[in-house]
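Containing compact mmCIF, C-alpha atoms: protein27.txt.
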```
# COMPACT_ATOMS: atom_id res chain seq x y z
CA MET K 1 45.02 -42.13 10.07
CA THR K 2 42.66 -41.58 7.17
CA ASP K 3 43.78 -41.38 3.53
CA GLU K 4 43.17 -37.63 3.65
CA GLU K 5 45.39 -37.11 6.70
CA LEU K 6 48.10 -39.30 5.21
CA MET K 7 48.04 -37.39 1.94
CA MET K 8 48.21 -34.05 3.75
CA ALA K 9 51.26 -35.33 5.57
CA VAL K 10 52.77 -36.43 2.24
CA CYS K 11 52.14 -32.91 0.90
CA ARG K 12 54.23 -31.58 3.82
CA GLY K 13 57.01 -34.02 2.95
CA ASP K 14 56.34 -36.65 5.64
CA GLN K 15 58.11 -39.83 4.49
CA ARG K 16 56.44 -41.98 7.16
CA ALA K 17 53.02 -41.16 5.72
CA TYR K 18 54.37 -42.07 2.29
CA GLN K 19 55.59 -45.42 3.60
CA THR K 20 52.19 -46.15 5.16
CA ILE K 21 50.42 -45.45 1.87
CA VAL K 22 52.91 -47.61 -0.03
CA LYS K 23 52.33 -50.53 2.34
CA GLN K 24 48.55 -50.15 2.04
CA HIS K 25 48.36 -49.97 -1.76
CA LEU K 26 51.45 -51.73 -3.14
CA THR K 27 49.88 -55.16 -3.66
CA SER K 28 46.79 -53.85 -5.37
CA ILE K 29 48.75 -51.52 -7.67
CA SER K 30 51.40 -54.08 -8.60
CA HIS K 31 48.75 -56.72 -9.32
CA TYR K 32 46.84 -54.34 -11.57
CA ALA K 33 50.00 -53.36 -13.44
CA PHE K 34 51.00 -57.02 -13.85
CA ARG K 35 47.62 -58.00 -15.25
CA ILE K 36 47.89 -55.21 -17.83
CA LEU K 37 51.57 -55.52 -18.72
CA GLY K 38 52.04 -59.25 -18.21
CA ASN K 39 55.64 -59.28 -17.03
CA GLN K 40 57.47 -58.78 -13.77
CA LYS K 41 60.18 -56.32 -14.75
CA ASP K 42 57.85 -53.76 -16.33
CA THR K 43 55.39 -54.19 -13.46
CA GLU K 44 58.09 -53.28 -10.94
CA ASP K 45 59.19 -50.24 -12.97
CA ILE K 46 55.64 -48.95 -13.38
CA THR K 47 54.75 -49.55 -9.73
CA GLN K 48 57.82 -47.59 -8.64
CA GLU K 49 56.81 -44.75 -10.95
CA VAL K 50 53.24 -44.75 -9.62
CA PHE K 51 54.43 -44.15 -6.07
CA LEU K 52 56.91 -41.52 -7.20
CA LYS K 53 53.98 -39.73 -8.86
CA LEU K 54 52.00 -40.10 -5.65
CA TRP K 55 54.80 -38.26 -3.83
CA THR K 56 55.25 -35.48 -6.38
CA ASN K 57 51.57 -34.98 -7.31
CA ALA K 58 50.05 -35.44 -3.86
CA PRO K 59 48.52 -31.91 -3.76
CA GLN K 60 46.58 -32.72 -6.95
CA TRP K 61 44.51 -35.44 -5.25
CA LYS K 62 41.01 -34.18 -4.45
CA PRO K 63 39.42 -36.39 -1.76
CA GLU K 64 35.93 -35.12 -2.60
CA LYS K 65 36.31 -36.29 -6.21
CA ALA K 66 37.90 -39.75 -5.91
CA LYS K 67 39.07 -42.26 -3.33
CA LEU K 68 42.84 -42.58 -3.00
CA THR K 69 42.81 -46.11 -4.42
CA THR K 70 40.82 -44.93 -7.46
CA TRP K 71 43.29 -42.08 -8.03
CA LEU K 72 46.28 -44.45 -7.73
CA HIS K 73 44.70 -46.95 -10.12
CA ARG K 74 44.10 -44.14 -12.58
CA ILE K 75 47.76 -43.14 -12.44
CA THR K 76 48.73 -46.81 -12.92
CA HIS K 77 46.31 -47.22 -15.81
CA ASN K 78 47.66 -44.14 -17.60
CA LEU K 79 51.27 -45.20 -17.07
CA CYS K 80 50.56 -48.74 -18.32
CA ILE K 81 48.74 -47.47 -21.43
CA ASP K 82 51.58 -45.02 -22.17
CA TYR K 83 54.07 -47.83 -21.70
CA LEU K 84 52.20 -50.18 -24.02
CA ARG K 85 51.88 -47.48 -26.67
CA LYS K 86 55.56 -46.66 -26.40
CA HIS K 87 56.85 -50.23 -26.45
CA GLY K 88 54.23 -51.83 -28.69
CA ARG K 89 51.69 -54.55 -28.04
CA MET K 90 53.88 -57.49 -29.11
CA GLN K 91 56.11 -57.36 -26.09
CA THR K 92 53.14 -57.79 -23.79
CA ARG K 93 51.75 -60.71 -25.76
CA GLU K 94 55.12 -62.43 -25.65
CA SER K 95 55.28 -61.83 -21.94
CA PHE K 96 51.86 -63.38 -21.38
CA GLU K 97 52.88 -66.36 -23.46
CA GLU K 98 56.08 -66.80 -21.44
CA GLU K 99 54.07 -66.69 -18.22
CA THR K 100 51.63 -69.18 -19.72
CA ALA K 101 54.45 -71.49 -20.77
CA SER K 102 55.79 -71.54 -17.24
CA PHE K 103 52.26 -72.23 -16.01
CA GLU K 104 52.08 -75.28 -18.23
CA LEU K 105 55.13 -76.77 -16.53
CA ASN K 106 53.51 -76.46 -13.12
CA GLY K 107 50.35 -78.45 -13.73
CA ALA K 108 49.07 -80.79 -16.38
CA ASP K 109 45.44 -81.57 -15.53
CA ALA K 110 42.43 -80.34 -17.50
CA SER K 111 41.61 -77.48 -15.15
CA ASN K 112 45.15 -76.16 -15.26
CA TYR K 113 45.11 -76.44 -19.02
CA LYS K 114 41.93 -74.34 -19.14
CA ILE K 115 43.51 -71.73 -16.88
CA LYS K 116 46.53 -71.65 -19.16
CA ILE K 117 44.32 -71.11 -22.19
CA LEU K 118 42.34 -68.44 -20.37
CA ASN K 119 45.50 -66.62 -19.32
CA GLN K 120 46.68 -66.63 -22.91
CA ALA K 121 43.29 -65.36 -24.09
CA LEU K 122 43.43 -62.57 -21.51
CA GLY K 123 46.79 -61.50 -22.89
CA GLN K 124 45.34 -61.35 -26.38
CA LEU K 125 42.44 -59.08 -25.42
CA PRO K 126 42.63 -55.42 -26.48
CA GLU K 127 44.00 -53.20 -23.67
CA ASN K 128 40.66 -51.55 -22.89
CA GLN K 129 38.90 -54.90 -22.47
CA ARG K 130 41.74 -56.29 -20.37
CA SER K 131 41.74 -53.20 -18.15
CA ALA K 132 37.95 -53.30 -17.81
CA ILE K 133 37.82 -56.96 -16.77
CA THR K 134 40.80 -56.55 -14.43
CA LEU K 135 39.32 -53.53 -12.65
CA CYS K 136 35.85 -55.05 -12.29
CA HIS K 137 36.72 -58.68 -11.64
CA TYR K 138 40.13 -58.70 -9.93
CA GLN K 139 40.40 -55.28 -8.33
CA GLY K 140 36.77 -55.26 -7.16
CA PHE K 141 35.78 -51.81 -8.42
CA SER K 142 32.20 -50.98 -9.29
CA ASN K 143 31.47 -50.29 -12.96
CA LYS K 144 31.26 -46.56 -12.18
CA GLU K 145 34.66 -46.48 -10.45
CA ALA K 146 36.28 -48.58 -13.17
CA ALA K 147 34.88 -46.22 -15.82
CA ALA K 148 36.33 -43.24 -13.92
CA ILE K 149 39.74 -44.94 -13.75
CA MET K 150 39.72 -45.64 -17.47
CA ASN K 151 38.25 -42.20 -18.24
CA ILE K 152 35.39 -43.65 -20.27
CA SER K 153 31.62 -43.70 -19.86
CA VAL K 154 29.95 -46.43 -17.77
CA LYS K 155 28.21 -47.71 -20.92
CA ALA K 156 31.53 -48.01 -22.75
CA LEU K 157 33.00 -49.86 -19.77
CA GLU K 158 30.06 -52.27 -19.57
CA SER K 159 30.37 -52.94 -23.27
CA ALA K 160 34.14 -53.61 -22.90
CA VAL K 161 33.56 -56.03 -19.98
CA ALA K 162 30.80 -57.85 -21.85
CA ARG K 163 32.92 -58.21 -25.01
CA ALA K 164 35.90 -59.42 -22.99
CA LYS K 165 33.85 -62.05 -21.16
CA ARG K 166 32.20 -63.20 -24.36
CA SER K 167 35.51 -63.71 -26.11
CA LEU K 168 36.99 -65.52 -23.09
CA ARG K 169 33.95 -67.77 -22.86
CA ASN K 170 34.10 -68.51 -26.58
CA ARG K 171 37.79 -69.33 -26.27
CA LEU K 172 36.98 -71.83 -23.51
CA LEU K 173 34.16 -73.36 -25.54
CA GLU K 174 36.48 -73.73 -28.54
CA GLU K 175 38.97 -75.45 -26.30
CA ASP K 176 36.26 -77.75 -24.91
CA VAL K 177 35.41 -78.85 -28.44
CA LYS K 178 39.09 -79.48 -29.19
CA THR K 179 39.71 -81.51 -26.03
CA GLU K 180 36.53 -83.55 -26.49
CA GLN K 181 37.56 -84.49 -30.02
CA PRO K 182 40.31 -87.07 -29.24
CA VAL K 183 38.12 -88.72 -26.58
CA GLU K 184 35.25 -89.06 -29.02
CA ASN K 185 37.62 -90.41 -31.66
CA ASP K 186 38.79 -93.12 -29.31
CA LYS K 187 35.23 -94.05 -28.41
CA LEU K 188 33.90 -94.19 -31.95
CA GLY K 189 36.99 -95.66 -33.50
CA ASN K 190 36.65 -93.47 -36.58
CA GLY K 191 38.41 -90.28 -37.60
CA LYS K 192 35.61 -87.83 -36.77
CA SER K 193 34.08 -86.72 -33.52
CA ASP K 194 30.38 -86.06 -32.95
CA SER K 195 30.86 -82.35 -32.60
CA VAL K 196 32.91 -82.08 -35.76
CA GLU K 197 30.45 -84.22 -37.72
CA SER K 198 27.45 -82.26 -36.52
CA LYS K 199 29.27 -79.04 -37.36
CA GLN K 200 29.97 -80.37 -40.84
CA ARG K 201 26.32 -81.42 -41.21
CA ARG K 202 25.22 -77.88 -40.44
CA GLU K 203 27.57 -76.38 -43.00
CA PRO K 204 26.02 -75.95 -46.46
CA GLY K 205 27.45 -78.06 -49.39
CA MET B 1 12.82 -59.56 -19.57
CA THR B 2 14.45 -61.12 -22.62
CA ILE B 3 17.47 -63.43 -22.77
CA GLU B 4 19.44 -60.62 -24.47
CA GLU B 5 18.77 -58.25 -21.57
CA PHE B 6 19.68 -60.95 -19.04
CA THR B 7 22.90 -61.76 -20.98
CA LYS B 8 23.85 -58.08 -21.01
CA ILE B 9 23.40 -57.78 -17.24
CA VAL B 10 25.33 -60.98 -16.47
CA GLU B 11 28.16 -60.08 -18.83
CA SER B 12 28.42 -56.50 -17.59
CA TYR B 13 28.00 -57.08 -13.86
CA GLY B 14 29.12 -60.69 -13.36
CA SER B 15 27.38 -63.75 -11.95
CA GLU B 16 26.93 -62.41 -8.41
CA ALA B 17 23.37 -61.14 -8.01
CA ALA B 18 24.59 -58.61 -5.43
CA ARG B 19 26.38 -56.71 -8.20
CA TRP B 20 23.37 -56.56 -10.53
CA PRO B 21 21.43 -53.27 -10.71
CA ALA B 22 19.05 -53.26 -7.72
CA GLU B 23 15.99 -52.35 -9.76
CA GLN B 24 16.46 -55.36 -12.09
CA ARG B 25 17.70 -57.93 -9.57
CA GLU B 26 14.36 -59.51 -8.74
CA GLN B 27 13.31 -59.57 -12.39
CA CYS B 28 16.57 -61.36 -13.26
CA ARG B 29 16.04 -63.95 -10.53
CA THR B 30 12.50 -64.71 -11.72
CA PHE B 31 13.64 -64.91 -15.32
CA MET B 32 16.53 -67.21 -14.43
CA ALA B 33 14.21 -69.60 -12.57
CA SER B 34 11.94 -69.97 -15.58
CA ASN B 35 14.47 -69.94 -18.43
CA THR B 36 16.92 -72.78 -19.07
CA ALA B 37 19.10 -70.73 -21.42
CA ALA B 38 19.48 -68.08 -18.71
CA SER B 39 20.57 -70.57 -16.06
CA THR B 40 23.00 -72.20 -18.54
CA LEU B 41 24.48 -68.78 -19.29
CA LEU B 42 24.83 -68.04 -15.59
CA ASN B 43 26.60 -71.35 -15.00
CA GLN B 44 29.02 -70.65 -17.86
CA GLN B 45 29.66 -67.22 -16.37
CA ARG B 46 30.32 -68.75 -12.93
CA GLU B 47 32.76 -71.25 -14.43
CA LEU B 48 34.56 -68.47 -16.27
CA GLU B 49 34.83 -66.37 -13.11
CA SER B 50 36.04 -69.35 -11.09
CA LEU B 51 38.78 -70.01 -13.66
CA LEU B 52 39.68 -66.31 -13.74
CA ASN B 53 40.09 -66.41 -9.95
CA GLN B 54 42.63 -69.17 -10.33
CA ILE B 55 44.94 -67.02 -12.47
CA THR B 56 47.31 -65.71 -9.87
CA VAL B 57 49.90 -62.97 -9.89
CA PRO B 58 53.51 -63.83 -8.93
CA GLU B 59 55.17 -62.49 -5.80
CA PHE B 60 57.33 -59.37 -6.01
CA PRO B 61 59.69 -59.95 -3.09
CA THR B 62 61.96 -56.93 -3.64
CA LEU B 63 59.36 -54.46 -4.84
CA GLU B 64 58.34 -53.03 -1.46
CA SER B 65 61.89 -52.17 -0.43
CA ARG B 66 62.57 -50.81 -3.91
CA VAL B 67 59.60 -48.44 -3.72
CA LEU B 68 60.24 -47.44 -0.11
CA ASN B 69 63.92 -46.76 -0.69
CA GLN B 70 63.62 -44.84 -3.92
CA GLN B 71 65.03 -41.31 -3.95
CA LEU B 72 62.18 -38.91 -3.35
CA PRO B 73 62.48 -35.29 -4.49
CA LYS B 74 62.04 -32.53 -1.89
CA GLN B 75 58.41 -31.47 -1.46
CA GLU B 76 58.01 -27.84 -2.47
CA ALA B 77 54.53 -26.43 -2.33
CA SER B 78 53.89 -23.24 -4.29
CA VAL B 79 53.48 -19.95 -2.38
CA LEU B 80 49.78 -19.87 -3.29
CA ASP B 81 49.25 -23.44 -2.08
CA ARG B 82 51.00 -22.68 1.19
CA ALA B 83 48.98 -19.49 1.66
CA LEU B 84 45.72 -21.33 0.95
CA ALA B 85 46.69 -24.19 3.23
CA TRP B 86 47.33 -21.67 6.02
CA LEU B 87 44.15 -19.71 5.36
CA LEU B 88 41.82 -22.71 5.14
CA PRO B 89 43.31 -25.52 7.22
CA LYS B 90 41.52 -28.85 6.70
CA ASN B 91 41.89 -30.11 10.26
CA SER B 92 40.73 -27.39 12.63
CA PHE B 93 37.26 -25.86 12.40
CA SER B 94 38.16 -22.95 14.73
CA GLN B 95 41.16 -22.08 12.59
CA GLN B 96 38.90 -22.17 9.55
CA LEU B 97 36.94 -19.30 11.15
CA TRP B 98 39.51 -17.00 12.70
CA ARG B 99 42.07 -17.13 9.90
CA PRO B 100 39.70 -15.76 7.22
CA ALA B 101 38.42 -13.24 9.79
CA MET B 102 41.99 -12.08 10.38
CA LEU B 103 42.49 -11.77 6.66
CA ALA B 104 39.29 -9.73 6.36
CA CYS B 105 40.66 -7.28 9.00
CA LEU B 106 43.86 -6.74 7.08
CA PRO B 107 42.50 -3.94 4.79
CA LEU B 108 41.33 -2.01 7.88
CA VAL B 109 44.74 -2.28 9.56
CA PHE B 110 46.41 -1.37 6.29
CA GLY B 111 44.17 1.72 5.95
CA ILE B 112 44.99 2.93 9.46
CA VAL B 113 48.73 2.48 8.91
CA ILE B 114 48.66 4.28 5.58
CA GLY B 115 46.49 7.08 6.97
CA ASN B 116 48.88 7.61 9.86
CA PHE B 117 51.94 7.98 7.66
CA PHE B 118 50.68 9.81 4.58
CA SER B 119 48.63 12.99 4.28
CA PHE B 120 47.57 12.39 0.64
CA GLY B 121 47.81 16.15 -0.14
CA ILE B 122 45.46 17.22 2.70
CA ALA B 123 47.34 19.82 4.68
CA LEU B 124 46.38 22.19 7.50
CA GLU B 125 45.81 25.74 6.15
CA ASN B 126 47.18 27.47 9.19
CA ASP B 127 50.43 26.16 10.53
CA SER B 128 49.93 28.05 13.79
CA PHE B 129 47.25 25.49 14.77
CA ALA B 130 49.80 22.84 15.25
CA TYR B 131 47.96 21.14 18.04
CA TRP B 132 44.36 19.98 18.15
CA ASP B 133 43.83 21.30 21.67
CA ASP B 134 44.90 24.79 20.58
CA GLU B 135 42.51 24.65 17.70
CA LEU B 136 39.65 23.46 19.93
CA THR B 137 40.32 26.30 22.38
CA MET B 138 40.17 28.84 19.57
CA LEU B 139 36.92 27.34 18.29
CA SER B 140 35.31 27.47 21.74
CA LEU B 141 36.30 31.13 22.13
CA ASN B 142 35.02 32.01 18.67
CA GLU B 143 31.40 32.78 19.62
CA TYR B 144 32.38 34.74 22.71
CA THR B 145 34.83 36.96 20.84
CA GLU B 146 32.34 37.59 18.04
CA ASN B 147 29.63 38.72 20.53
CA SER B 148 31.85 40.87 22.71
CA PHE B 149 33.27 42.92 19.87
```

Starting from the file, lay out its structure as structure tokens.
Amino acid sequence: MTDEELMMAVCRGDQRAYQTIVKQHLTSISHYAFRILGNQKDTEDITQEVFLKLWTNAPQWKPEKAKLTTWLHRITHNLCIDYLRKHGRMQTRESFEEETASFELNGADASNYKIKILNQALGQLPENQRSAITLCHYQGFSNKEAAAIMNISVKALESAVARAKRSLRNRLLEEDVKTEQPVENDKLGNGKSDSVESKQRREPG
Amino acid sequence: MTIEEFTKIVESYGSEAARWPAEQREQCRTFMASNTAASTLLNQQRELESLLNQITVPEFPTLESRVLNQQLPKQEASVLDRALAWLLPKNSFSQQLWRPAMLACLPLVFGIVIGNFFSFGIALENDSFAYWDDELTMLSLNEYTENSF
């Protein structure tokens, strides 16, 4: 059955069609919500609400305007943004940090450390940048579709993705400098690393 | 192409050339081959994307049953929605033709019914011509009677 046929059945109150749609889209929707909210409990609440909205607002979906997955992601995006506005940004940051802390316990090598830092940096991005990078990188939407989900222009989306990637890359570079520092110190046997010294040399005075 | 333009494309569309705008793809490839800064930037972008791919989402073992078993309100479509859904069904092409045609015939049927039951103030002047056949007989005799007398 196509998305259109399933949604028509949902409009008539067919619970089997609803179950099929849930099974098809649950993973994608819950992953998107988790990457925006950063914690399991809120993700589950929002995902449940998304599918409730799918059931009640099914007649509002226009297949000629948007794919079903785009429409569902838009509902999820709006619910997540409302939730973050209602409950404040801090809760999300704390949640990302908790997740990151648990990550740290799982692995201790350099790559895992970088992933931990990156996860933390993702949590610190503004919501629009985090949504943009999640939709384009993780959810696999084109820039045009992602812009439609976020209800912004394609240019604004591209700018948000670029800024997000730049700040994540800079965060990784900063971390590279920090991790290189102790190694260099050991090698040189003095208190300053090459990178720090060269940085100091460049600074005036 | 400049390094700024290349950076903008890579940051906005990612490191996969397939996602770059088609009209600039070849230009980007040529630029990348000749510019060290461009290839360094692309490598950094690839490393970032590879690390991003390693950030996983936890499992939600109870979520599916929670969503499937939630209490769903009864679906109640509005009268207009139901009427439109009947008039223009999405599945059947033949029904899309005959249902609007049937609707278009409704005013005609309505007119006949109304005309049959109401006179709208138009009454017969002579009550003695109660039947059409009587009236037709009288009309046919009219000329004859006029000539003979």

message: I'd like to know which of K:Ile152, K:Ile36, K:His137, K:Asp82 is closest to Ser15 in chain B, using only C-alpha atoms.
response: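 Answer, going by the shortest atom-to-atom distance: K:His137.
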
field: Expected answer as an MDAnalysis selection string: chain B residues within 9 Å of chain K, only C-alpha atoms
entry: chainID B and resid 7:14 19 44:45 48:49 51:55 57:58 60 63:64 66:68 70:77 81 90:91

- prompt: Can you list, as a ChimeraX atom specification, every protein, DNA or RNA residue that comes within 10 Å of Pro100 in chain B when you count all atoms listed in the file, leaving out same-chain residues fewer than 6 positions away?
  reply: /B:86-88,106

query: Could you state the separation of CA of Cys28 in chain B and CA of Glu4 in chain B in Å, given to one decimal place?
result: 11.6 Å

query: Mind pulling up the distance from CA of Leu42 in chain B to CA of Thr30 in chain B?
result: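 Taking CA of Thr30 in chain B as the start and CA of Leu42 in chain B as the end point, the length is 13.3 Å.
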
field: Atom pair CA of Thr56 in chain B / CA of Ile81 in chain K: separation (Å)
entry: 21.6 Å

Might I get the box with edges along x, y and z of the file that holds all atoms of range 43-49 of chain B listed there, padded by 4 Å on every side, given as centre and edge lengths in Å to one decimal, as lines of an AutoDock Vina configuration file?
```
center_x = 30.7
center_y = -68.9
center_z = -15.4
size_x = 16.2
size_y = 13.0
size_z = 12.9
```
